[in-house]
file structure06.cif (mmCIF, C-alpha atoms)
data_start
loop_
_atom_site.label_atom_id
_atom_site.label_comp_id
_atom_site.auth_asym_id
_atom_site.auth_seq_id
_atom_site.Cartn_x
_atom_site.Cartn_y
_atom_site.Cartn_z
CA MET K 13 64.64 161.53 190.72
CA SER K 14 66.67 159.10 188.62
CA GLU K 15 69.68 160.25 186.62
CA PHE K 16 69.72 160.33 182.83
CA LYS K 17 72.07 157.37 182.54
CA ASP K 18 69.72 155.24 184.65
CA ARG K 19 66.70 156.20 182.54
CA PHE K 20 68.67 155.53 179.37
CA LYS K 21 69.61 152.03 180.54
CA GLU K 22 65.98 151.40 181.53
CA ALA K 23 64.84 152.52 178.07
CA LEU K 24 67.35 150.18 176.39
CA ASP K 25 66.00 147.28 178.43
CA PHE K 26 62.41 148.32 177.69
CA ALA K 27 63.08 148.38 173.93
CA ASN K 28 65.26 145.25 174.06
CA ILE K 29 67.86 147.05 171.94
CA ASN K 30 71.60 146.88 172.55
CA ALA K 31 73.97 149.82 172.18
CA ASN K 32 75.33 148.75 168.77
CA LYS K 33 71.85 148.40 167.26
CA LEU K 34 70.72 151.75 168.62
CA ALA K 35 73.88 153.40 167.28
CA ASN K 36 73.11 152.02 163.81
CA ILE K 37 69.48 153.18 163.97
CA VAL K 38 70.22 156.79 164.91
CA GLY K 39 73.53 157.11 163.03
CA ILE K 40 76.08 157.58 165.80
CA THR K 41 79.04 155.60 167.16
CA PRO K 42 78.74 153.00 169.94
CA GLY K 43 81.23 155.12 171.88
CA THR K 44 78.66 157.91 172.12
CA ILE K 45 76.16 155.42 173.53
CA GLY K 46 78.80 154.44 176.10
CA HIS K 47 79.13 158.04 177.23
CA TRP K 48 75.36 158.24 177.76
CA LYS K 49 75.30 154.97 179.72
CA ASN K 50 78.35 155.53 181.88
CA ARG K 51 78.98 159.27 182.14
CA GLY K 52 75.45 160.60 182.01
CA THR K 53 76.03 162.94 179.09
CA LYS K 54 72.81 163.61 177.18
CA PRO K 55 71.77 163.85 173.54
CA SER K 56 69.96 167.00 172.51
CA GLY K 57 67.76 168.40 169.77
CA ASP K 58 66.85 166.10 166.89
CA LEU K 59 69.17 163.38 168.18
CA LEU K 60 67.23 163.14 171.46
CA LEU K 61 63.98 162.69 169.52
CA LYS K 62 65.54 160.04 167.28
CA VAL K 63 66.80 158.10 170.31
CA ALA K 64 63.48 158.37 172.17
CA THR K 65 61.56 157.29 169.06
CA ALA K 66 63.87 154.32 168.47
CA LEU K 67 63.40 153.21 172.07
CA GLY K 68 59.66 153.85 172.14
CA VAL K 69 59.84 156.20 175.12
CA SER K 70 58.89 159.80 175.80
CA ALA K 71 61.62 162.31 174.96
CA GLU K 72 60.61 164.42 177.96
CA TRP K 73 60.82 161.44 180.33
CA LEU K 74 64.20 160.42 178.90
CA LEU K 75 65.66 163.91 179.23
CA THR K 76 64.13 165.08 182.52
CA GLY K 77 62.44 162.12 184.23
CA ASN K 78 59.07 163.91 184.13
CA GLY K 79 55.91 162.26 182.84
CA GLN K 80 55.35 158.71 181.65
CA MET K 81 58.14 156.61 180.16
CA LYS K 82 56.09 154.80 177.54
CA VAL K 83 54.84 156.72 174.53
CA GLN K 84 51.08 156.61 174.01
CA THR K 85 50.86 156.15 170.26
CA ILE K 86 48.24 157.93 168.18
CA ILE K 87 46.24 155.37 166.20
CA PRO K 88 45.81 156.20 162.48
CA ILE K 89 42.17 155.85 161.39
CA ASP K 90 41.10 157.11 157.98
CA ASN K 91 37.65 158.47 158.85
CA THR K 92 35.12 158.76 161.65
CA ASP K 93 33.00 155.92 160.21
CA SER K 94 35.73 153.46 161.14
CA LEU K 95 36.14 154.83 164.66
CA LYS K 96 35.65 151.89 167.01
CA GLU K 97 34.46 151.78 170.58
CA GLY K 98 37.30 152.62 172.95
CA PHE K 99 38.76 155.32 170.70
CA VAL K 100 38.24 159.08 170.60
CA GLN K 101 39.26 161.82 168.19
CA ILE K 102 40.64 165.22 169.19
CA PRO K 103 40.40 167.94 166.50
CA GLU K 104 42.95 170.70 165.97
CA TYR K 105 41.92 174.22 166.97
CA ALA K 106 43.04 177.78 166.49
CA ILE K 107 42.71 180.28 169.34
CA ARG K 108 41.40 183.83 169.21
CA PHE K 109 41.74 186.22 172.15
CA GLY K 110 39.75 189.26 173.13
CA ALA K 111 41.18 192.51 174.47
CA GLY K 112 43.30 192.50 177.61
CA GLU K 113 46.26 190.51 178.85
CA ALA K 114 44.25 187.69 180.42
CA ALA K 115 41.24 187.66 178.10
CA GLU K 116 39.14 184.53 177.75
CA PRO K 117 39.98 182.65 174.52
CA THR K 118 37.65 181.49 171.76
CA TYR K 119 38.43 178.15 170.13
CA ASP K 120 37.85 177.66 166.39
CA GLU K 121 38.08 174.13 165.02
CA ILE K 122 40.27 173.95 161.91
CA GLU K 123 37.93 172.38 159.37
CA ASP K 124 40.51 170.97 156.96
CA SER K 125 42.70 169.38 159.68
CA ILE K 126 42.61 165.63 160.38
CA PRO K 127 41.68 164.85 164.00
CA ALA K 128 44.11 162.74 165.99
CA THR K 129 42.74 159.41 167.19
CA PHE K 130 43.59 158.10 170.65
CA ARG K 131 42.69 155.15 172.78
CA LEU K 132 40.13 156.31 175.32
CA SER K 133 42.27 154.69 178.04
CA PHE K 134 44.97 157.30 177.35
CA PHE K 135 42.65 159.85 178.97
CA THR K 136 40.77 157.73 181.52
CA SER K 137 44.01 156.44 183.05
CA ARG K 138 44.93 160.08 183.74
CA GLY K 139 41.50 161.11 185.02
CA ILE K 140 41.02 163.43 182.01
CA ASN K 141 37.79 163.97 180.09
CA PRO K 142 38.72 163.93 176.36
CA LYS K 143 35.84 166.34 175.68
CA ASN K 144 37.93 168.99 177.47
CA CYS K 145 41.00 168.39 175.28
CA ARG K 146 42.10 170.27 172.18
CA ARG K 147 45.08 170.07 169.87
CA PHE K 148 47.14 173.06 168.77
CA HIS K 149 49.90 173.57 166.23
CA VAL K 150 53.19 174.79 167.68
CA ILE K 151 55.54 177.17 165.86
CA GLY K 152 58.93 178.08 167.30
CA ASP K 153 61.92 176.35 168.85
CA SER K 154 61.79 177.59 172.45
CA MET K 155 60.71 174.18 173.82
CA GLU K 156 63.12 172.04 171.81
CA PRO K 157 64.01 169.24 172.24
CA ILE K 158 60.84 168.34 174.15
CA ILE K 159 58.48 170.00 171.65
CA MET K 160 59.71 170.81 168.16
CA SER K 161 58.49 173.52 165.82
CA ASN K 162 55.53 172.25 163.72
CA ASP K 163 54.58 169.63 166.32
CA CYS K 164 51.00 169.31 167.46
CA ILE K 165 50.25 169.23 171.17
CA THR K 166 47.23 167.86 173.00
CA VAL K 167 46.13 170.12 175.84
CA ASP K 168 43.79 169.33 178.72
CA CYS K 169 41.72 172.52 178.83
CA SER K 170 39.74 171.54 181.93
CA PRO K 171 39.35 174.38 184.46
CA ILE K 172 42.26 174.35 186.89
CA ASP K 173 42.44 175.66 190.43
CA HIS K 174 46.21 175.41 190.75
CA ILE K 175 49.33 174.98 188.62
CA GLU K 176 51.10 171.65 188.90
CA ASN K 177 54.71 172.52 189.52
CA ASN K 178 57.28 171.79 186.79
CA GLN K 179 54.67 170.80 184.18
CA ILE K 180 54.30 172.10 180.62
CA TYR K 181 51.34 174.39 179.93
CA ALA K 182 49.79 176.19 176.99
CA LEU K 183 49.17 179.78 178.05
CA TYR K 184 48.31 183.21 176.76
CA TYR K 185 51.03 185.69 177.69
CA GLU K 186 52.39 188.82 176.04
CA HIS K 187 49.58 188.81 173.45
CA SER K 188 50.32 185.34 172.07
CA LEU K 189 49.89 181.64 172.71
CA LYS K 190 52.98 180.15 174.33
CA VAL K 191 53.99 176.67 175.45
CA LYS K 192 56.23 176.75 178.53
CA ARG K 193 57.22 174.81 181.60
CA LEU K 194 55.93 176.56 184.72
CA ILE K 195 57.93 176.38 187.93
CA LYS K 196 56.42 177.74 191.12
CA THR K 197 58.40 179.08 194.03
CA PHE K 198 57.10 180.52 197.29
CA LYS K 199 56.80 184.03 195.84
CA SER K 200 57.11 183.72 192.07
CA LEU K 201 56.30 181.83 188.90
CA ILE K 202 59.16 180.99 186.54
CA ILE K 203 58.30 180.69 182.82
CA HIS K 204 60.89 178.22 181.55
CA SER K 205 61.89 177.32 177.98
CA GLU K 206 63.65 174.00 177.39
CA ASN K 207 65.88 175.58 174.75
CA PRO K 208 68.74 177.26 176.67
CA ALA K 209 68.87 180.00 174.06
CA TYR K 210 65.73 181.44 175.67
CA PRO K 211 66.21 182.81 179.20
CA ASP K 212 63.72 182.16 181.96
CA GLU K 213 61.19 184.82 182.87
CA GLU K 214 60.15 185.29 186.48
CA LEU K 215 56.92 186.94 187.61
CA THR K 216 55.59 187.54 191.07
CA LEU K 217 52.51 185.47 191.83
CA GLU K 218 50.43 188.65 191.66
CA GLU K 219 51.84 189.54 188.23
CA ALA K 220 51.21 185.99 187.00
CA ASP K 221 47.56 186.16 188.05
CA GLN K 222 47.11 189.41 186.11
CA LEU K 223 49.20 188.71 182.99
CA ILE K 224 48.84 184.99 182.29
CA HIS K 225 45.79 183.06 181.14
CA ILE K 226 46.35 179.30 181.44
CA ILE K 227 44.85 177.43 178.46
CA GLY K 228 45.64 174.01 179.91
CA ARG K 229 48.30 171.41 180.63
CA VAL K 230 50.10 169.77 177.73
CA ILE K 231 49.59 166.00 177.95
CA GLU K 232 50.95 164.81 174.58
CA ARG K 233 52.93 165.90 171.56
CA SER K 234 53.25 164.43 168.11
CA GLY K 235 55.30 165.36 165.10
CA SER K 236 57.66 164.12 162.43
CA ILE K 237 61.25 163.05 163.05
#
call {"tool": "encode", "arguments": {"input": "structure06.cif", "output": "structure tokens"}}
result
Amino acid sequence: MSEFKDRFKEALDFANINANKLANIVGITPGTIGHWKNRGTKPSGDLLLKVATALGVSAEWLLTGNGQMKVQTIIPIDNTDSLKEGFVQIPEYAIRFGAGEAAEPTYDEIEDSIPATFRLSFFTSRGINPKNCRRFHVIGDSMEPIIMSNDCITVDCSPIDHIENNQIYALYYEHSLKVKRLIKTFKSLIIHSENPAYPDEELTLEEADQLIHIIGRVIERSGSI
């Protein structure tokens, strides 16, 4: 996997922005940019999101190398009457759970929310049926700087037969909806938060099967900067 400094240089080339211009956009010194380019030190928190947004790349890709480099932009469309062929809308949902640790969820569409509009190719290029996708509101800072509190995430809720290692999932665990990176080892499943203030949790594979209900894989996030 590439190093951060290599991805950062690639992102600068992609955006056709030099170090001085980027420094002015995000409000830092060119010297800080030099550290990122040459020493591999990394921005964090809000600064990472500002840099990724200015460069038009995914914050997760820039920080970790995972996922796609280019951001798939949500297209603003005022109402469903103007929705053109080649676009789809994904509403926002709330989740209710029955009794038990791994109970099946019930999805309730939030009537006063505005659906997010995507190009259909965003899903088809990934082999995902948009009819299986839902958006959820995220509260909490455990996944910062990849996912910020008050962001919305798009989740592929298609049935899964295995967990893709080192990917971010929405899941029901400890009586609440959580968004975490899941890391599989030979005997265990690590529930990882991007924010270092939150320690990893490790379950045996048997415990994970009993205690965790996977809602789906997170494929997109959107929020303010």
call {"tool": "closest_residue", "arguments": {"input": "structure06.cif", "among": "K:Pro142, K:Gly152, K:Pro157, K:Gly52", "to": "Phe130 in chain K", "atoms": "only C-alpha atoms"}}
result
K:Pro142
call {"tool": "atom_distance", "arguments": {"input": "structure06.cif", "atom1": "CA of Leu59 in chain K", "atom2": "CA of Met81 in chain K"}}
result
17.6 Å
call {"tool": "residues_around", "arguments": {"input": "structure06.cif", "residues": "range 14-26 of chain K", "least_positions_apart": "6", "cutoff": "9 Å", "atoms": "only C-alpha atoms", "output": "compact mmCIF listing (two decimals) with C-alpha atoms, in the frame of the given file"}}
result
# COMPACT_ATOMS: atom_id res chain seq x y z
CA LEU K 34 70.72 151.75 168.62
CA HIS K 47 79.13 158.04 177.23
CA TRP K 48 75.36 158.24 177.76
CA LYS K 49 75.30 154.97 179.72
CA ASN K 50 78.35 155.53 181.88
CA ARG K 51 78.98 159.27 182.14
CA GLY K 52 75.45 160.60 182.01
CA THR K 53 76.03 162.94 179.09
CA LYS K 54 72.81 163.61 177.18
CA ALA K 64 63.48 158.37 172.17
CA LEU K 67 63.40 153.21 172.07
CA GLY K 68 59.66 153.85 172.14
CA VAL K 69 59.84 156.20 175.12
CA TRP K 73 60.82 161.44 180.33
CA LEU K 74 64.20 160.42 178.90
CA LEU K 75 65.66 163.91 179.23
CA THR K 76 64.13 165.08 182.52
CA GLY K 77 62.44 162.12 184.23
CA MET K 81 58.14 156.61 180.16
call {"tool": "resolve_selection", "arguments": {"input": "structure06.cif", "expression": "the PyMOL selection byres ((chain K and resi 214) around 10)", "output": "list in words"}}
result
Leu194, Ile195, Lys196, Thr197, Ser200, Leu201, Ile202, Ile203, His204, Pro211, Asp212, Glu213, Leu215, Thr216, Leu217, Glu219 and Ala220 of chain K
call {"tool": "atom_distance", "arguments": {"input": "structure06.cif", "atom1": "CA of Met155 in chain K", "atom2": "CA of His174 in chain K"}}
result
22.3 Å
call {"tool": "atom_distance", "arguments": {"input": "structure06.cif", "atom1": "CA of Asp124 in chain K", "atom2": "CA of Lys143 in chain K"}}
result
19.8 Å
call {"tool": "build_atoms", "arguments": {"input": "structure06.cif", "residues": "range 46-57 of chain K", "atoms": "N, CA and C atoms", "output": "short mmCIF file (atom, residue, chain, number, x, y, z; two decimals), in the coordinates of the input"}}
result
data_model
loop_
_atom_site.label_atom_id
_atom_site.label_comp_id
_atom_site.auth_asym_id
_atom_site.auth_seq_id
_atom_site.Cartn_x
_atom_site.Cartn_y
_atom_site.Cartn_z
N GLY K 46 78.09 154.72 174.85
CA GLY K 46 78.80 154.44 176.10
C GLY K 46 78.89 155.64 177.01
N HIS K 47 79.09 156.82 176.43
CA HIS K 47 79.13 158.04 177.23
C HIS K 47 77.78 158.28 177.92
N TRP K 48 76.70 158.04 177.18
CA TRP K 48 75.36 158.24 177.76
C TRP K 48 75.12 157.26 178.90
N LYS K 49 75.55 156.02 178.72
CA LYS K 49 75.30 154.97 179.72
C LYS K 49 76.15 155.15 180.97
N ASN K 50 77.39 155.57 180.78
CA ASN K 50 78.35 155.53 181.88
C ASN K 50 78.67 156.91 182.47
N ARG K 51 78.61 157.94 181.66
CA ARG K 51 78.98 159.27 182.14
C ARG K 51 77.77 160.18 182.35
N GLY K 52 76.64 159.79 181.82
CA GLY K 52 75.45 160.60 182.01
C GLY K 52 75.35 161.79 181.09
N THR K 53 76.22 161.88 180.07
CA THR K 53 76.03 162.94 179.09
C THR K 53 74.74 162.68 178.31
N LYS K 54 74.15 163.73 177.76
CA LYS K 54 72.81 163.61 177.18
C LYS K 54 72.80 164.03 175.72
N PRO K 55 72.01 163.35 174.89
CA PRO K 55 71.77 163.85 173.54
C PRO K 55 70.85 165.06 173.59
N SER K 56 70.82 165.82 172.53
CA SER K 56 69.96 167.00 172.51
C SER K 56 69.35 167.16 171.13
N GLY K 57 68.36 168.05 171.04
CA GLY K 57 67.76 168.40 169.77
C GLY K 57 67.16 167.21 169.04
#
